[in-house]
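Reproduced below: input.cif, with mmCIF, C-alpha atoms and all ligand atoms.
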data_run
loop_
_atom_site.label_atom_id
_atom_site.label_comp_id
_atom_site.auth_asym_id
_atom_site.auth_seq_id
_atom_site.Cartn_x
_atom_site.Cartn_y
_atom_site.Cartn_z
CA MET A 1 33.78 64.44 -52.59
CA ASN A 2 33.60 61.11 -50.76
CA ILE A 3 35.57 58.10 -51.95
CA THR A 4 35.78 54.69 -50.26
CA LEU A 5 39.33 53.56 -49.55
CA ILE A 6 39.85 49.88 -48.78
CA GLN A 7 43.28 49.51 -47.17
CA GLY A 8 43.64 45.79 -47.81
CA ASP A 9 46.36 43.42 -46.61
CA GLY A 10 50.15 43.14 -46.89
CA ILE A 11 51.57 46.27 -48.55
CA GLY A 12 48.04 47.74 -48.81
CA LYS A 13 48.35 50.32 -46.05
CA GLU A 14 51.81 51.49 -47.15
CA ILE A 15 50.79 52.10 -50.77
CA SER A 16 47.36 53.56 -50.00
CA ASP A 17 48.88 56.03 -47.48
CA SER A 18 51.31 57.07 -50.22
CA VAL A 19 48.52 57.62 -52.76
CA MET A 20 46.39 59.63 -50.32
CA LYS A 21 49.38 61.90 -49.54
CA ILE A 22 50.10 62.45 -53.25
CA ILE A 23 46.49 63.29 -54.09
CA GLU A 24 46.37 65.70 -51.15
CA ALA A 25 49.56 67.37 -52.42
CA SER A 26 47.94 67.76 -55.87
CA GLY A 27 45.47 70.17 -54.28
CA LEU A 28 42.34 68.07 -54.91
CA GLN A 29 40.23 67.66 -51.80
CA ILE A 30 38.92 64.15 -51.32
CA HIS A 31 37.25 62.87 -48.20
CA TRP A 32 38.47 59.29 -47.87
CA ASP A 33 36.02 56.96 -46.21
CA ILE A 34 38.66 54.51 -44.94
CA VAL A 35 37.42 50.94 -44.38
CA ASN A 36 39.05 47.56 -44.51
CA ALA A 37 38.41 44.02 -45.66
CA GLY A 38 40.51 40.89 -45.89
CA ILE A 39 42.72 38.85 -43.60
CA SER A 40 43.55 41.82 -41.38
CA THR A 41 39.84 42.44 -40.55
CA LEU A 42 39.18 38.72 -40.23
CA GLU A 43 41.85 38.68 -37.51
CA SER A 44 40.85 41.95 -35.81
CA LYS A 45 37.03 41.92 -36.19
CA GLY A 46 36.25 38.29 -36.99
CA GLU A 47 34.77 39.32 -40.35
CA LEU A 48 36.28 39.17 -43.83
CA ILE A 49 34.11 41.98 -45.21
CA PRO A 50 32.52 44.00 -42.38
CA ASP A 51 29.13 45.62 -43.14
CA GLU A 52 30.69 49.08 -43.11
CA VAL A 53 32.55 48.16 -46.33
CA TYR A 54 29.31 47.40 -48.19
CA GLN A 55 27.64 50.50 -46.70
CA SER A 56 30.51 52.74 -47.74
CA LEU A 57 30.68 51.30 -51.27
CA GLU A 58 26.92 51.60 -51.76
CA LYS A 59 26.95 55.20 -50.53
CA ASN A 60 30.00 56.48 -52.42
CA LYS A 61 29.85 54.26 -55.57
CA ILE A 62 33.55 54.88 -56.23
CA ALA A 63 36.40 53.15 -54.40
CA LEU A 64 40.15 52.86 -54.44
CA LYS A 65 41.10 49.41 -53.22
CA ALA A 66 44.49 48.16 -52.08
CA PRO A 67 45.19 44.42 -52.62
CA ILE A 68 43.60 41.78 -50.43
CA THR A 69 45.19 38.42 -49.61
CA THR A 70 43.36 35.23 -50.68
CA PRO A 71 44.51 31.91 -49.21
CA ILE A 72 45.88 29.66 -51.95
CA GLY A 73 44.26 26.25 -52.60
CA LYS A 74 42.08 26.40 -49.46
CA GLY A 75 40.14 28.75 -47.16
CA PHE A 76 37.75 31.56 -48.05
CA ARG A 77 36.99 32.68 -51.61
CA SER A 78 38.58 35.85 -52.97
CA VAL A 79 37.16 39.10 -51.56
CA ASN A 80 38.17 40.75 -54.84
CA VAL A 81 36.17 38.30 -56.97
CA HIS A 82 33.23 38.55 -54.52
CA LEU A 83 33.04 42.36 -54.77
CA ARG A 84 33.30 42.26 -58.59
CA LYS A 85 30.42 39.76 -58.78
CA LYS A 86 28.25 41.30 -56.05
CA TYR A 87 28.31 44.75 -57.66
CA ASP A 88 28.37 43.41 -61.24
CA LEU A 89 31.64 45.22 -62.02
CA TYR A 90 31.76 43.48 -65.38
CA ALA A 91 34.58 45.36 -67.08
CA ASN A 92 38.10 44.93 -65.82
CA ILE A 93 40.20 47.45 -67.73
CA ARG A 94 43.99 47.13 -67.59
CA PRO A 95 46.11 49.62 -69.53
CA ILE A 96 49.80 48.91 -70.18
CA LYS A 97 52.01 51.81 -71.22
CA ASN A 98 55.74 52.50 -70.81
CA ILE A 99 56.51 55.06 -68.09
CA GLY A 100 59.65 57.22 -67.92
CA LYS A 101 62.83 55.14 -67.99
CA ALA A 102 61.34 52.16 -66.13
CA PRO A 103 63.32 49.09 -67.20
CA ALA A 104 60.97 47.76 -69.88
CA LEU A 105 61.55 44.73 -72.09
CA HIS A 106 59.74 46.60 -74.89
CA HIS A 107 59.19 50.27 -75.66
CA ASN A 108 56.34 52.07 -77.46
CA MET A 109 53.79 49.86 -75.71
CA ASP A 110 50.31 51.32 -75.37
CA ILE A 111 47.78 48.53 -74.99
CA VAL A 112 44.47 48.42 -73.13
CA LEU A 113 43.19 45.00 -72.07
CA PHE A 114 39.46 44.45 -71.36
CA ARG A 115 38.84 41.38 -69.22
CA GLU A 116 35.39 39.87 -68.55
CA ASN A 117 35.15 40.17 -64.78
CA THR A 118 32.13 38.18 -63.58
CA GLU A 119 32.15 34.65 -64.99
CA GLY A 120 34.39 32.28 -67.03
CA LEU A 121 36.48 29.98 -64.86
CA TYR A 122 36.13 32.47 -61.97
CA ALA A 123 32.39 31.69 -61.66
CA GLY A 124 33.33 29.72 -58.52
CA ILE A 125 31.43 26.58 -59.57
CA GLU A 126 33.71 23.85 -58.28
CA GLU A 127 32.87 20.33 -57.24
CA ARG A 128 34.73 17.72 -55.23
CA ILE A 129 33.73 14.48 -56.94
CA SER A 130 36.09 12.53 -54.69
CA ASP A 131 39.44 13.10 -53.01
CA ASP A 132 41.08 12.30 -56.33
CA GLU A 133 38.75 14.04 -58.75
CA ARG A 134 37.65 17.69 -58.85
CA LYS A 135 35.71 19.80 -61.36
CA SER A 136 35.64 23.52 -62.21
CA ILE A 137 32.89 24.74 -64.52
CA LYS A 138 33.54 27.55 -67.00
CA VAL A 139 30.53 29.77 -67.65
CA VAL A 140 30.23 32.00 -70.73
CA THR A 141 26.97 33.86 -71.35
CA ARG A 142 25.82 36.04 -74.26
CA LYS A 143 24.89 38.95 -71.98
CA ASN A 144 28.23 39.15 -70.19
CA SER A 145 30.28 38.54 -73.33
CA GLU A 146 28.37 41.16 -75.31
CA ARG A 147 28.78 43.92 -72.77
CA ILE A 148 32.55 43.47 -72.29
CA ILE A 149 33.21 43.16 -76.04
CA GLU A 150 31.05 46.22 -76.74
CA LYS A 151 32.92 48.13 -74.05
CA ALA A 152 36.24 47.28 -75.74
CA PHE A 153 35.00 48.35 -79.19
CA ASP A 154 33.41 51.55 -77.81
CA TYR A 155 36.68 52.42 -76.10
CA ALA A 156 38.65 51.71 -79.30
CA LYS A 157 36.33 54.01 -81.26
CA GLN A 158 36.45 56.84 -78.72
CA ASP A 159 40.22 56.64 -78.32
CA ASN A 160 40.86 56.47 -82.09
CA ARG A 161 42.38 53.03 -81.88
CA LYS A 162 42.63 50.88 -84.96
CA LYS A 163 42.31 47.28 -83.84
CA VAL A 164 40.58 45.05 -81.29
CA THR A 165 42.10 41.61 -80.67
CA VAL A 166 39.66 38.97 -79.37
CA VAL A 167 41.60 36.33 -77.42
CA THR A 168 40.10 32.86 -76.83
CA LYS A 169 40.93 29.17 -76.98
CA ALA A 170 37.94 28.50 -79.24
CA ASN A 171 39.73 25.71 -81.12
CA ILE A 172 39.52 23.56 -77.95
CA MET A 173 36.67 25.08 -75.90
CA LYS A 174 34.34 25.23 -78.88
CA GLU A 175 31.19 25.91 -76.83
CA SER A 176 32.26 28.44 -74.18
CA ASP A 177 35.08 30.26 -76.00
CA GLY A 178 33.30 29.59 -79.29
CA LEU A 179 30.35 31.69 -78.09
CA PHE A 180 32.68 34.52 -76.94
CA LEU A 181 34.39 34.56 -80.35
CA ASP A 182 31.10 34.43 -82.30
CA ILE A 183 29.84 37.43 -80.31
CA GLY A 184 33.13 39.23 -81.03
CA ARG A 185 32.57 38.70 -84.76
CA GLU A 186 28.95 39.91 -84.52
CA ILE A 187 29.83 43.06 -82.59
CA ALA A 188 32.80 43.89 -84.84
CA LYS A 189 30.34 44.32 -87.75
CA ASN A 190 28.96 47.43 -85.97
CA TYR A 191 32.43 49.01 -85.97
CA PRO A 192 33.59 48.82 -89.61
CA GLU A 193 36.39 51.35 -88.99
CA ILE A 194 38.04 49.03 -86.42
CA GLU A 195 39.94 45.91 -87.44
CA LEU A 196 38.96 42.66 -85.69
CA GLN A 197 41.85 40.31 -84.98
CA GLU A 198 41.32 36.80 -83.59
CA VAL A 199 44.21 35.21 -81.68
CA LEU A 200 44.35 32.02 -79.60
CA VAL A 201 45.56 32.60 -76.05
CA ASP A 202 48.72 30.46 -76.28
CA ASN A 203 49.85 32.25 -79.43
CA MET A 204 48.87 35.55 -77.78
CA ALA A 205 51.28 34.94 -74.89
CA MET A 206 54.12 34.37 -77.36
CA GLN A 207 53.16 37.34 -79.58
CA LEU A 208 53.01 39.67 -76.57
CA VAL A 209 56.52 38.68 -75.52
CA MET A 210 57.99 38.87 -79.05
CA ASN A 211 56.14 41.77 -80.67
CA PRO A 212 53.69 43.57 -78.36
CA SER A 213 53.52 46.82 -80.34
CA GLN A 214 51.26 45.09 -82.91
CA PHE A 215 48.43 45.16 -80.31
CA ASP A 216 46.11 48.04 -79.51
CA VAL A 217 42.97 46.94 -77.60
CA ILE A 218 42.55 43.37 -76.34
CA VAL A 219 39.31 41.77 -75.13
CA THR A 220 39.24 38.37 -73.46
CA GLY A 221 37.74 36.14 -70.76
CA ASN A 222 38.36 36.26 -67.04
CA LEU A 223 41.29 33.85 -66.54
CA TYR A 224 43.11 34.67 -69.80
CA GLY A 225 42.78 38.38 -69.01
CA ASP A 226 44.23 37.89 -65.54
CA ILE A 227 47.26 36.00 -66.84
CA LEU A 228 47.93 38.15 -69.91
CA SER A 229 47.74 41.39 -67.92
CA ASP A 230 50.42 40.17 -65.48
CA LEU A 231 52.51 39.12 -68.48
CA MET A 232 52.10 42.59 -70.01
CA ALA A 233 53.03 44.22 -66.70
CA GLY A 234 56.30 42.28 -66.89
CA LEU A 235 57.01 43.88 -70.27
CA ILE A 236 56.93 47.47 -68.95
CA GLY A 237 58.92 46.95 -65.74
CA GLY A 238 56.76 44.78 -63.49
CA LEU A 239 53.66 44.69 -61.36
CA GLY A 240 54.66 47.89 -59.55
CA LEU A 241 53.50 49.83 -62.62
CA ALA A 242 50.25 48.14 -63.69
CA SER A 243 46.83 49.58 -62.83
CA SER A 244 43.29 48.33 -63.17
CA ALA A 245 39.65 49.48 -63.06
CA ASN A 246 36.59 47.34 -62.26
CA ILE A 247 33.63 49.12 -63.81
CA GLY A 248 29.90 48.36 -63.62
CA GLU A 249 26.76 50.35 -64.40
CA ASN A 250 26.50 51.85 -60.91
CA MET A 251 29.88 51.47 -59.23
CA ALA A 252 33.59 51.46 -59.98
CA ILE A 253 36.48 50.07 -57.93
CA PHE A 254 40.04 51.00 -58.90
CA GLU A 255 43.04 48.92 -57.85
CA ALA A 256 46.56 47.80 -58.75
CA VAL A 257 46.96 44.63 -60.85
CA HIS A 258 49.32 43.23 -58.23
CA GLY A 259 48.46 41.42 -55.01
CA SER A 260 49.29 42.08 -51.35
CA ALA A 261 52.99 41.18 -51.80
CA PRO A 262 53.38 39.53 -48.36
CA ASP A 263 57.12 39.02 -49.02
CA ILE A 264 57.80 42.78 -48.75
CA ALA A 265 54.91 43.90 -46.49
CA GLY A 266 55.84 46.30 -43.68
CA LYS A 267 59.34 46.90 -45.08
CA ASN A 268 58.70 50.30 -46.72
CA LEU A 269 59.86 48.77 -50.02
CA ALA A 270 56.66 48.64 -52.10
CA ASN A 271 56.31 50.69 -55.25
CA PRO A 272 53.07 52.71 -54.91
CA SER A 273 52.97 53.57 -58.66
CA ALA A 274 50.45 50.89 -59.65
CA LEU A 275 47.89 52.07 -57.08
CA LEU A 276 48.72 55.69 -57.97
CA LEU A 277 48.03 54.95 -61.65
CA ALA A 278 44.78 53.27 -60.59
CA SER A 279 43.89 56.49 -58.74
CA CYS A 280 44.58 58.35 -62.03
CA MET A 281 42.07 56.06 -63.77
CA MET A 282 39.66 56.93 -60.93
CA LEU A 283 40.24 60.67 -61.35
CA HIS A 284 39.55 60.28 -65.09
CA TYR A 285 36.30 58.42 -64.32
CA MET A 286 35.35 61.28 -61.96
CA GLY A 287 36.09 63.90 -64.65
CA GLU A 288 39.05 65.33 -62.66
CA TYR A 289 41.21 65.49 -65.80
CA GLU A 290 43.50 68.30 -64.61
CA THR A 291 44.52 66.54 -61.40
CA GLU A 292 44.91 63.28 -63.30
CA ALA A 293 47.30 64.95 -65.78
CA LYS A 294 49.28 66.62 -62.97
CA ILE A 295 49.83 63.32 -61.17
CA ARG A 296 50.65 61.38 -64.35
CA ASN A 297 53.20 64.06 -65.32
CA ALA A 298 54.79 64.01 -61.86
CA LEU A 299 55.11 60.21 -62.00
CA GLU A 300 56.57 60.36 -65.51
CA THR A 301 59.12 62.99 -64.38
CA VAL A 302 60.17 60.99 -61.30
CA LEU A 303 60.47 57.71 -63.23
CA SER A 304 62.51 59.42 -65.96
CA ASN A 305 65.44 59.43 -63.51
CA PRO A 306 66.66 55.90 -62.59
CA SER A 307 68.10 57.21 -59.30
CA ASN A 308 64.44 57.57 -58.22
CA PHE A 309 63.58 53.90 -58.73
CA THR A 310 62.20 51.65 -55.99
CA PHE A 311 63.81 48.23 -55.57
CA ASP A 312 61.37 46.38 -57.88
CA LEU A 313 62.66 48.59 -60.72
CA GLY A 314 66.30 48.00 -59.71
CA GLY A 315 66.62 51.11 -57.51
CA LYS A 316 67.09 51.90 -53.83
CA LEU A 317 64.31 54.31 -52.82
CA THR A 318 61.89 53.35 -50.07
CA THR A 319 58.13 53.82 -50.47
CA THR A 320 58.35 56.99 -48.34
CA GLU A 321 61.26 58.48 -50.31
CA PHE A 322 59.58 57.71 -53.63
CA THR A 323 56.32 59.29 -52.42
CA ASN A 324 58.21 62.46 -51.42
CA LYS A 325 59.86 62.63 -54.87
CA ILE A 326 56.44 62.64 -56.51
CA ILE A 327 55.13 65.26 -54.10
CA ASN A 328 58.18 67.45 -54.92
CA ALA A 329 57.58 66.94 -58.65
CA LEU A 330 53.97 68.07 -58.18
P1 LIG B 401 51.74 39.68 -55.77
O1 LIG B 401 51.29 40.54 -56.91
O2 LIG B 401 51.30 40.10 -54.42
O3 LIG B 401 53.35 39.61 -55.77
C1 LIG B 401 54.10 39.07 -56.86
C2 LIG B 401 55.54 39.62 -56.77
O4 LIG B 401 55.54 41.02 -57.15
C3 LIG B 401 56.13 39.56 -55.36
O5 LIG B 401 57.49 39.28 -55.43
C4 LIG B 401 55.93 40.97 -54.82
O6 LIG B 401 56.87 41.37 -53.85
C5 LIG B 401 56.05 41.82 -56.09
N1 LIG B 401 55.24 43.04 -56.00
C6 LIG B 401 53.87 43.10 -56.11
N2 LIG B 401 53.48 44.37 -55.97
C7 LIG B 401 54.58 45.12 -55.78
C8 LIG B 401 54.79 46.50 -55.55
N3 LIG B 401 53.79 47.38 -55.51
N4 LIG B 401 56.06 46.94 -55.38
C9 LIG B 401 57.10 46.08 -55.43
N5 LIG B 401 56.95 44.73 -55.64
C10 LIG B 401 55.70 44.28 -55.81
O7 LIG B 401 51.26 38.22 -56.11
P2 LIG B 401 51.19 36.89 -55.21
O8 LIG B 401 52.40 36.82 -54.33
O9 LIG B 401 50.90 35.83 -56.16
O10 LIG B 401 49.89 37.11 -54.32
C11 LIG B 401 49.91 37.55 -52.96
C12 LIG B 401 48.48 37.65 -52.46
O11 LIG B 401 47.77 38.69 -53.15
C13 LIG B 401 47.65 36.37 -52.68
O12 LIG B 401 46.90 36.15 -51.51
C14 LIG B 401 46.73 36.70 -53.84
O13 LIG B 401 45.52 36.02 -53.80
C15 LIG B 401 46.52 38.20 -53.61
N6 LIG B 401 46.14 38.96 -54.82
C16 LIG B 401 45.23 39.95 -54.64
C17 LIG B 401 44.88 40.74 -55.72
C18 LIG B 401 43.89 41.85 -55.50
O14 LIG B 401 43.66 42.25 -54.36
N7 LIG B 401 43.27 42.39 -56.54
C19 LIG B 401 45.47 40.52 -56.97
C20 LIG B 401 46.43 39.52 -57.12
C21 LIG B 401 46.77 38.73 -56.01
#
If you took the structure in this file and wrote it as C-alpha cells, what would it be?
Amino acid sequence: MNITLIQGDGIGKEISDSVMKIIEASGLQIHWDIVNAGISTLESKGELIPDEVYQSLEKNKIALKAPITTPIGKGFRSVNVHLRKKYDLYANIRPIKNIGKAPALHHNMDIVLFRENTEGLYAGIEERISDDERKSIKVVTRKNSERIIEKAFDYAKQDNRKKVTVVTKANIMKESDGLFLDIGREIAKNYPEIELQEVLVDNMAMQLVMNPSQFDVIVTGNLYGDILSDLMAGLIGGLGLASSANIGENMAIFEAVHGSAPDIAGKNLANPSALLLASCMMLHYMGEYETEAKIRNALETVLSNPSNFTFDLGGKLTTTEFTNKIINAL
C-alpha cells in the first residue's frame, strides 16, 4: 500500500525515519512515497509546496506528515493550515491518554478533542488598516460547525463515551461562538444517551489543569482546540506524546501535535512517540488494527521503564536509541 510521507522541517526527518523503521519492523509493508514541503524545500527547490506533494496526496489519499516550520508574525502562511483547507480536512482529532510511566501531571486521562480545522480565527482573513491598526476576522458557519460537532457525537456514541463538552466563548462572541453553541445544543438532541456539557474556554483551561478526568470528548473551534490540545499534552508528559489526525471526506493526514522544534533539530534528541502515535491513528484509519495494537503495546512497554525515556521526558536516550528499544519490544 502507498502512503505519502511529508518529511517536514526541523526534527521532521529524524522522527519520520524513526517511524518508518518501526513500522517496517512490525512486519507491515508500506511503500512510502517520500516528498517534502516547507522551509527546507523553499531553500532547495524555491517552492514551499512542490507539485509532487499535491500529486502524491491526491493519488494516495493518506499521508503521514512531520511538522513544518511557519515563520512567526511575518512571511508565508502556514503550509499545515493551507493543506487542511485545500483538502477540506475538517476534523482535527487529538486524543490524550497516559502512556506507560511518562511523567504525567494527572493519571487516568483518556480524552479525545475534536477541533474544527478549516475556519474560525484561522480563516486567514486579516487586514492591515494602518501601521497601528490590524484586523482578524473570525468565521463560523453552520455547515462546518455541524459536521465537526456531529463527528464528535458520532465518535462518542461508537466508543461508548458518556459526555461531549462543547467549548466556546459564547458569552462574549455571541454571534460566532453563539452559533457554534446553538448547533451543539441542536445536535445533542439526536444523541439522548450522551450528556451535553457547555464550558467557556477560560474555565475549560482551568478545569483541565485541576480536574481533567471529568472530561471525555471535547468539541471546539480552531484556535481554542489548538491551545487546549497543547495544554492537555502538557498534562500527560509533553508534546512528545501527543498525536493528531486531520480527516476529510476523501483524504486524511496524520501528524504530531508538536511543531518542528528547531531548538533540538539535528541533535538526535527528539522523541518520535507523537508521530508514532499519529501513525497508529493512521493504521486504525486503514483498518490495520493488528499492527496498530502491536506498535501501541511496544510503545507502552518501552515507556513503562523510565530508563528508556528521551530527554523531554527527563531521560537520556537519543532518538536512535529510543527507536531501537521499540523495535526490540516489537
Ligand atoms: P514546537 O512544538 O516545535 O516546540 C515546543 C517545545 O517542545 C520546544 O522546546 C521543542 O524542543 C519541544 N518539542 C516539540 N516536539 C518535541 C519532540 N518530538 N521531542 C522532544 N521535544 C519536543 O513549537 P514551536 O517552537 O512553537 O514551533 C516551532 C515551529 O513549528 C514553528 O514554525 C511553528 O509554526 C511550527 N509548528 C508546526 C506544526 C505542524 O507542522 N503541524 C505545529 C505546531 C507548530
Between atom CA of A:Lys174 and atom CA of A:Glu198, distance in Å (one decimal): 14.3 Å
Residue nearest ligand LIG 401 (chain B) - candidates A:Ile68, A:Leu42, A:Ala156, A:Leu179, atoms counted: all atoms listed in the file: A:Ile68
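Taking atom CA of A:Glu193 as the reference point, atom CA of A:Lys163 is found at 8.8 Å.
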Point (59.7, 48.0, -67.4), cut-off 8 Å, counting all atoms listed in the file, residues as a PyMOL selection string: chain A and resi 98-99+101-106+233-238+313
Contacts with ligand LIG 401 (chain B) at most 9 Å, all atoms listed in the file counted, listed as an MDAnalysis selection string: chainID A and resid 8:12 15 65:72 78:81 226 230 238:242 244 255:265 269:275 310:313 319
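If you measure from each of A:Ala25, A:Ile148, A:Val53, A:Ile129 to A:Gly221 using all atoms listed in the file, the closest one turns out to be A:Ile148.
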